[in-house]
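*Asks:* Before I ask anything, let me first share the structure, which is written out below as structure tokens.
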Amino acid sequence: MSINRVLKSVKQFFAELLGEEIEVISVIPGEGGWKVEFEVIVEDEYMRKRARKDIVARYQVQLNNKLEIVAYNRIELKERGALEYNERGE
């Protein structure tokens, strides 16, 4: 199974779900499938009106060997341009 097929599956699923382009930061094969982590910029009109930076959300995704997404969760949040995520995901 190629990483390109994994990336295509994840990008297509989340483009439909989130309506945003994602930036994949890791792809790790495992016995039961794949684990992928990515970031997406959450452009928020509320934040922009208050002169705040956009938010970057980091997600973790699990795929089975058929490249079906079986689980995902948002694991962290940070302001765009921040160097690190904080512990509470803010």
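Ordering of the structure tokens sets the chain letters (A, B, ...); residue numbers start at 1 within each chain; ligands are numbered from 1 in the order shown.
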May I have the residues within 8 Å of range 8-15 of chain A as a PyMOL selection string, using only C-alpha atoms and disregarding those fewer than 6 positions away in the same chain?
*Replies:* chain A and resi 21-22+67-69
*Asks:* Write out as a PDB file with N, CA and C atoms, in the first residue's frame which residues come within 10 Å of range 26-41 of chain A when counting only C-alpha atoms, dropping same-chain ones fewer than 6 positions away.
*Replies:*
ATOM      1  N   MET A   1       0.855  -1.178   0.000  1.00  0.00           N
ATOM      2  CA  MET A   1       0.000   0.000   0.000  1.00  0.00           C
ATOM      3  C   MET A   1       0.901   1.240   0.000  1.00  0.00           C
ATOM      4  N   SER A   2       0.647   2.161  -0.888  1.00  0.00           N
ATOM      5  CA  SER A   2       1.522   3.325  -0.994  1.00  0.00           C
ATOM      6  C   SER A   2       1.034   4.484  -0.118  1.00  0.00           C
ATOM      7  N   ILE A   3       1.984   5.268   0.327  1.00  0.00           N
ATOM      8  CA  ILE A   3       1.662   6.451   1.126  1.00  0.00           C
ATOM      9  C   ILE A   3       0.822   7.428   0.311  1.00  0.00           C
ATOM     10  N   VAL A   6      -2.755   6.621   0.746  1.00  0.00           N
ATOM     11  CA  VAL A   6      -3.188   7.005   2.088  1.00  0.00           C
ATOM     12  C   VAL A   6      -3.460   8.508   2.130  1.00  0.00           C
ATOM     13  N   LEU A   7      -2.525   9.299   1.619  1.00  0.00           N
ATOM     14  CA  LEU A   7      -2.682  10.754   1.608  1.00  0.00           C
ATOM     15  C   LEU A   7      -3.910  11.188   0.824  1.00  0.00           C
ATOM     16  N   VAL A  10      -7.108  10.481   2.881  1.00  0.00           N
ATOM     17  CA  VAL A  10      -7.278  11.410   4.004  1.00  0.00           C
ATOM     18  C   VAL A  10      -7.644  12.806   3.509  1.00  0.00           C
ATOM     19  N   LYS A  11      -6.927  13.283   2.511  1.00  0.00           N
ATOM     20  CA  LYS A  11      -7.195  14.631   1.997  1.00  0.00           C
ATOM     21  C   LYS A  11      -8.600  14.745   1.424  1.00  0.00           C
ATOM     22  N   PHE A  14     -11.276  14.736   4.392  1.00  0.00           N
ATOM     23  CA  PHE A  14     -11.325  15.957   5.188  1.00  0.00           C
ATOM     24  C   PHE A  14     -11.635  17.200   4.365  1.00  0.00           C
ATOM     25  N   LEU A  18     -14.368  19.130   6.320  1.00  0.00           N
ATOM     26  CA  LEU A  18     -14.015  20.435   6.864  1.00  0.00           C
ATOM     27  C   LEU A  18     -14.124  21.570   5.850  1.00  0.00           C
ATOM     28  N   GLU A  20     -11.773  22.547   4.019  1.00  0.00           N
ATOM     29  CA  GLU A  20     -10.490  23.244   4.047  1.00  0.00           C
ATOM     30  C   GLU A  20      -9.392  22.313   3.537  1.00  0.00           C
ATOM     31  N   ASP A  54      -5.663  33.581  13.047  1.00  0.00           N
ATOM     32  CA  ASP A  54      -6.423  32.361  12.795  1.00  0.00           C
ATOM     33  C   ASP A  54      -5.902  31.249  13.695  1.00  0.00           C
ATOM     34  N   ILE A  55      -6.692  30.214  13.833  1.00  0.00           N
ATOM     35  CA  ILE A  55      -6.355  29.065  14.666  1.00  0.00           C
ATOM     36  C   ILE A  55      -5.889  27.917  13.766  1.00  0.00           C
ATOM     37  N   VAL A  56      -4.852  27.203  14.210  1.00  0.00           N
ATOM     38  CA  VAL A  56      -4.388  25.999  13.521  1.00  0.00           C
ATOM     39  C   VAL A  56      -4.796  24.811  14.384  1.00  0.00           C
ATOM     40  N   ALA A  57      -5.558  23.902  13.798  1.00  0.00           N
ATOM     41  CA  ALA A  57      -5.997  22.696  14.501  1.00  0.00           C
ATOM     42  C   ALA A  57      -5.172  21.513  14.009  1.00  0.00           C
ATOM     43  N   ARG A  58      -4.780  20.680  14.953  1.00  0.00           N
ATOM     44  CA  ARG A  58      -4.001  19.477  14.622  1.00  0.00           C
ATOM     45  C   ARG A  58      -4.873  18.256  14.894  1.00  0.00           C
ATOM     46  N   TYR A  59      -4.960  17.372  13.902  1.00  0.00           N
ATOM     47  CA  TYR A  59      -5.805  16.179  13.980  1.00  0.00           C
ATOM     48  C   TYR A  59      -4.963  14.918  13.856  1.00  0.00           C
ATOM     49  N   GLN A  60      -5.488  13.849  14.431  1.00  0.00           N
ATOM     50  CA  GLN A  60      -4.905  12.519  14.277  1.00  0.00           C
ATOM     51  C   GLN A  60      -5.990  11.624  13.676  1.00  0.00           C
ATOM     52  N   VAL A  61      -5.617  10.845  12.670  1.00  0.00           N
ATOM     53  CA  VAL A  61      -6.566  10.013  11.925  1.00  0.00           C
ATOM     54  C   VAL A  61      -6.057   8.577  11.894  1.00  0.00           C
ATOM     55  N   GLN A  62      -6.968   7.627  12.049  1.00  0.00           N
ATOM     56  CA  GLN A  62      -6.619   6.213  11.911  1.00  0.00           C
ATOM     57  C   GLN A  62      -7.378   5.633  10.722  1.00  0.00           C
ATOM     58  N   LEU A  63      -6.647   4.911   9.876  1.00  0.00           N
ATOM     59  CA  LEU A  63      -7.230   4.247   8.717  1.00  0.00           C
ATOM     60  C   LEU A  63      -6.971   2.762   8.840  1.00  0.00           C
ATOM     61  N   ASN A  64      -7.926   1.960   8.349  1.00  0.00           N
ATOM     62  CA  ASN A  64      -7.685   0.518   8.325  1.00  0.00           C
ATOM     63  C   ASN A  64      -6.903   0.167   7.058  1.00  0.00           C
ATOM     64  N   ASN A  65      -6.663  -1.109   6.838  1.00  0.00           N
ATOM     65  CA  ASN A  65      -5.877  -1.535   5.671  1.00  0.00           C
ATOM     66  C   ASN A  65      -6.590  -1.302   4.339  1.00  0.00           C
ATOM     67  N   LYS A  66      -7.909  -1.060   4.390  1.00  0.00           N
ATOM     68  CA  LYS A  66      -8.670  -0.745   3.170  1.00  0.00           C
ATOM     69  C   LYS A  66      -8.712   0.756   2.908  1.00  0.00           C
ATOM     70  N   LEU A  67      -7.951   1.521   3.702  1.00  0.00           N
ATOM     71  CA  LEU A  67      -7.878   2.982   3.617  1.00  0.00           C
ATOM     72  C   LEU A  67      -9.195   3.661   3.978  1.00  0.00           C
ATOM     73  N   GLU A  68      -9.984   3.007   4.819  1.00  0.00           N
ATOM     74  CA  GLU A  68     -11.200   3.608   5.343  1.00  0.00           C
ATOM     75  C   GLU A  68     -10.861   4.295   6.661  1.00  0.00           C
ATOM     76  N   ILE A  69     -11.351   5.502   6.828  1.00  0.00           N
ATOM     77  CA  ILE A  69     -11.096   6.215   8.078  1.00  0.00           C
ATOM     78  C   ILE A  69     -12.001   5.616   9.147  1.00  0.00           C
ATOM     79  N   VAL A  70     -11.370   5.102  10.197  1.00  0.00           N
ATOM     80  CA  VAL A  70     -12.120   4.446  11.274  1.00  0.00           C
ATOM     81  C   VAL A  70     -12.198   5.308  12.523  1.00  0.00           C
ATOM     82  N   ALA A  71     -11.323   6.313  12.641  1.00  0.00           N
ATOM     83  CA  ALA A  71     -11.365   7.215  13.788  1.00  0.00           C
ATOM     84  C   ALA A  71     -10.547   8.463  13.484  1.00  0.00           C
ATOM     85  N   TYR A  72     -10.971   9.568  14.073  1.00  0.00           N
ATOM     86  CA  TYR A  72     -10.171  10.792  14.025  1.00  0.00           C
ATOM     87  C   TYR A  72     -10.511  11.642  15.224  1.00  0.00           C
ATOM     88  N   ASN A  73      -9.554  12.463  15.631  1.00  0.00           N
ATOM     89  CA  ASN A  73      -9.830  13.412  16.693  1.00  0.00           C
ATOM     90  C   ASN A  73      -8.891  14.605  16.587  1.00  0.00           C
ATOM     91  N   ARG A  74      -9.398  15.751  17.070  1.00  0.00           N
ATOM     92  CA  ARG A  74      -8.558  16.948  17.119  1.00  0.00           C
ATOM     93  C   ARG A  74      -7.735  16.840  18.388  1.00  0.00           C
ATOM     94  N   ILE A  75      -6.432  16.941  18.246  1.00  0.00           N
ATOM     95  CA  ILE A  75      -5.576  16.736  19.413  1.00  0.00           C
ATOM     96  C   ILE A  75      -5.003  18.032  19.973  1.00  0.00           C
ATOM     97  N   GLU A  76      -4.933  19.098  19.163  1.00  0.00           N
ATOM     98  CA  GLU A  76      -4.375  20.358  19.657  1.00  0.00           C
ATOM     99  C   GLU A  76      -4.872  21.540  18.837  1.00  0.00           C
ATOM    100  N   LEU A  77      -4.798  22.714  19.455  1.00  0.00           N
ATOM    101  CA  LEU A  77      -5.085  23.981  18.797  1.00  0.00           C
ATOM    102  C   LEU A  77      -3.969  24.966  19.137  1.00  0.00           C
ATOM    103  N   LYS A  78      -3.687  25.887  18.214  1.00  0.00           N
ATOM    104  CA  LYS A  78      -2.761  26.972  18.498  1.00  0.00           C
ATOM    105  C   LYS A  78      -3.103  28.143  17.596  1.00  0.00           C
ATOM    106  N   GLU A  79      -2.645  29.345  17.989  1.00  0.00           N
ATOM    107  CA  GLU A  79      -2.797  30.495  17.108  1.00  0.00           C
ATOM    108  C   GLU A  79      -1.817  30.364  15.960  1.00  0.00           C
ATOM    109  N   ARG A  80      -2.240  30.769  14.798  1.00  0.00           N
ATOM    110  CA  ARG A  80      -1.367  30.726  13.626  1.00  0.00           C
ATOM    111  C   ARG A  80      -0.128  31.566  13.903  1.00  0.00           C
TER     112      ARG A  80
END
